[in-house]
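Asks: Quick one: the structure is below, questions incoming.
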Amino acid sequence: MDSDRELADAVEQRHDEAAFLGLYRRHTPRLYQMLLRVVEVRADAEDAVQETWLRAIAALGSFRWESAFQSWLIGIGLNVAHAMVRARRDDAPLPAELPAGASGAPETRLDLERALGRLPAGQRTVLMLHDVEGWTHEEIGRQLGMAPGTSKSQLFDARRGLRALLNPLAT
Amino acid sequence: MNEDFELSPEERAALSALSHEAPPPAALEQRTLHALRARGLVRPPAHRPLRLALAMAAALLLFLSGFAVGRRTSAQDSGVSYAAQPGTPSGQRLVVWF
């Protein structure tokens with residue numbers, strides 16, 4: 001199986017469609033899940049995935065391969081998704097869709113997904129990247145264009161908010 | 001502000017049980033591909049059967065041209081050196097191309 005770099009080089013240098021599909025099929029399931037949790041509406045998540053790939057392929061020449069391709073791609077995707085969330089901030093409340101494909105005990109998972117959905121988008125993103133995906137604050141800061149200290153602060157608020165939402169009597 | 005607000009083991013387990021991937025809709029792949037093609041960022045591969053047919057047609061044309069030139073040249077006996085071999089039946093000649 002070709003590496004991300006080999007596929008990306010083929011796309012950048014020869015506009016190789018098959019190479020693009022290799023990258024797309026390898027990375028989109030994770031990207032889609034991540035963006036779905038941020039924007040919470042499937043149609044918006046699909047738009048965000050498409051826009052993410054357009055930006056990523058157009059910017060392939062500027063990627064220096066100092067981080068994993070997937071981290072870079074997700075960083076682009078999260079910026080796209082946050083712009084969407086900001087644009088609709090004052091609009092009507094979001095429909096109560098839940099991200100697909102979650103595992104775990106159904107009630108716990110539903111409660112957790114609902115609670116995540118009620119956190120501010122920035123806090124939700126940092127909590128997902130840190131506590132679900134296992135990114136460090138440095139990686140989060142680099143990909144989202146924020147200081148690591150801001151990431152720590154957002155994580156603190158997100159964890160406290162999540163606990164309050166899951167156990168309202170305990171706080 | 002720091003990250004000292006630790007999650008309980010149950011909270012941590014619940015978060016790690018969340019799925020990392022979700023299958024995107026199948027139509028999204030084609031939609032994304034069309035958008036990339038429209039911007040010239042990817043190109044569809046050349047159509048293989050058409051390319052094969054063109055190559056075969058070119059090979060056939062080359063063969064027929066060579067055959068026609070050979071017949072004409074042998075009929076005109078021009079630009080060639082041949083020698084009637086002793087004992088060769090009339091009408092049969094050895095053609096040597098230079």
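Chain labels follow the order of the structure tokens: the first chain is A, the next B, and so on; residue numbering restarts at 1 in every chain, and ligands are counted from 1 in their shown order.
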What are the residues of chain A that have an atom within 9 Å of an atom of chain B, counting only C-alpha atoms, as a PDB file with C-alpha atoms, in the first residue's frame?
Replies:
ATOM      1  CA  VAL A  11      -1.764  14.019  -6.768  1.00  0.00           C
ATOM      2  CA  GLU A  12       0.381  17.125  -6.615  1.00  0.00           C
ATOM      3  CA  ARG A  14       0.423  14.356 -11.908  1.00  0.00           C
ATOM      4  CA  HIS A  15      -3.047  15.284 -10.636  1.00  0.00           C
ATOM      5  CA  ASP A  16      -3.518  11.552 -10.285  1.00  0.00           C
ATOM      6  CA  GLU A  17      -7.157  10.881  -9.490  1.00  0.00           C
ATOM      7  CA  ALA A  18      -6.576   7.297  -8.343  1.00  0.00           C
ATOM      8  CA  PHE A  20      -6.462  11.089  -4.540  1.00  0.00           C
ATOM      9  CA  LEU A  21      -9.061   8.359  -4.049  1.00  0.00           C
ATOM     10  CA  TYR A  24      -9.723  10.058   0.424  1.00  0.00           C
ATOM     11  CA  ARG A  25     -10.715   6.514   1.343  1.00  0.00           C
ATOM     12  CA  THR A  28     -12.236  10.509   5.247  1.00  0.00           C
ATOM     13  CA  PRO A  29     -13.954   8.221   7.799  1.00  0.00           C
ATOM     14  CA  ARG A  30     -11.966   9.793  10.644  1.00  0.00           C
ATOM     15  CA  LEU A  31     -12.270  13.302   9.232  1.00  0.00           C
ATOM     16  CA  TYR A  32     -16.017  12.892   8.741  1.00  0.00           C
ATOM     17  CA  GLN A  33     -16.551  11.657  12.314  1.00  0.00           C
ATOM     18  CA  MET A  34     -14.539  14.544  13.710  1.00  0.00           C
ATOM     19  CA  LEU A  36     -19.724  15.652  12.390  1.00  0.00           C
ATOM     20  CA  GLU A  46     -20.427  16.598   4.233  1.00  0.00           C
ATOM     21  CA  ASP A  47     -19.931  20.148   2.973  1.00  0.00           C
ATOM     22  CA  VAL A  49     -15.409  17.321   4.264  1.00  0.00           C
ATOM     23  CA  GLN A  50     -15.591  18.394   0.625  1.00  0.00           C
ATOM     24  CA  GLU A  51     -14.239  21.865   1.386  1.00  0.00           C
ATOM     25  CA  TRP A  53     -10.285  18.134   0.640  1.00  0.00           C
ATOM     26  CA  LEU A  54     -10.423  21.021  -1.817  1.00  0.00           C
ATOM     27  CA  ILE A  57      -5.263  19.262  -2.289  1.00  0.00           C
ATOM     28  CA  ALA A  58      -4.780  22.875  -3.369  1.00  0.00           C
ATOM     29  CA  PRO A  99     -22.998  11.496  15.245  1.00  0.00           C
ATOM     30  CA  ALA A 100     -23.198   8.100  13.639  1.00  0.00           C
ATOM     31  CA  GLY A 101     -21.107   5.076  14.352  1.00  0.00           C
ATOM     32  CA  ALA A 102     -20.461   5.617  18.044  1.00  0.00           C
ATOM     33  CA  SER A 103     -19.733   2.569  20.118  1.00  0.00           C
ATOM     34  CA  GLY A 104     -20.121   1.799  23.799  1.00  0.00           C
ATOM     35  CA  ALA A 105     -23.168   1.307  25.994  1.00  0.00           C
ATOM     36  CA  THR A 108     -23.862   6.290  28.158  1.00  0.00           C
ATOM     37  CA  ARG A 109     -22.905   6.987  24.590  1.00  0.00           C
ATOM     38  CA  LEU A 112     -22.084  11.669  26.274  1.00  0.00           C
ATOM     39  CA  GLU A 113     -22.746  12.631  22.660  1.00  0.00           C
ATOM     40  CA  MET A 128     -12.189  15.525  21.359  1.00  0.00           C
ATOM     41  CA  ASP A 131      -9.317  13.060  25.311  1.00  0.00           C
ATOM     42  CA  VAL A 132     -10.694  11.060  22.372  1.00  0.00           C
ATOM     43  CA  GLU A 133      -7.954  11.301  19.734  1.00  0.00           C
ATOM     44  CA  GLY A 149      -1.887  27.294  26.951  1.00  0.00           C
ATOM     45  CA  LYS A 152      -5.130  23.628  28.125  1.00  0.00           C
ATOM     46  CA  SER A 153      -7.535  26.301  29.233  1.00  0.00           C
ATOM     47  CA  GLN A 154     -10.191  25.123  26.762  1.00  0.00           C
ATOM     48  CA  LEU A 155      -9.716  21.547  27.937  1.00  0.00           C
ATOM     49  CA  PHE A 156     -10.184  22.562  31.550  1.00  0.00           C
ATOM     50  CA  ASP A 157     -13.431  24.355  30.737  1.00  0.00           C
ATOM     51  CA  ARG A 159     -14.024  18.826  31.129  1.00  0.00           C
ATOM     52  CA  ARG A 160     -15.726  20.865  33.827  1.00  0.00           C
ATOM     53  CA  ARG A 163     -19.079  16.803  34.034  1.00  0.00           C
TER      54      ARG A 163
END
Asks: Kindly indicate which residue among A:Ile76, A:Val126, A:Ala87, A:Ala45 lies nearest to Glu138 (chain A), using only C-alpha atoms for the distances.
Replies: A:Val126
Asks: Using CA of Leu129 (chain A) and CA of Ser71 (chain A) as the two end points, give the distance in Å to one decimal.
Replies: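 Distance reported for this atom pair: 10.1 Å.
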Asks: Figure out the distance between CA of Ala164 (chain A) and CA of Arg89 (chain A), please, to one decimal in Å.
Replies: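 Between CA of Arg89 (chain A) and CA of Ala164 (chain A) the gap works out to 22.6 Å.
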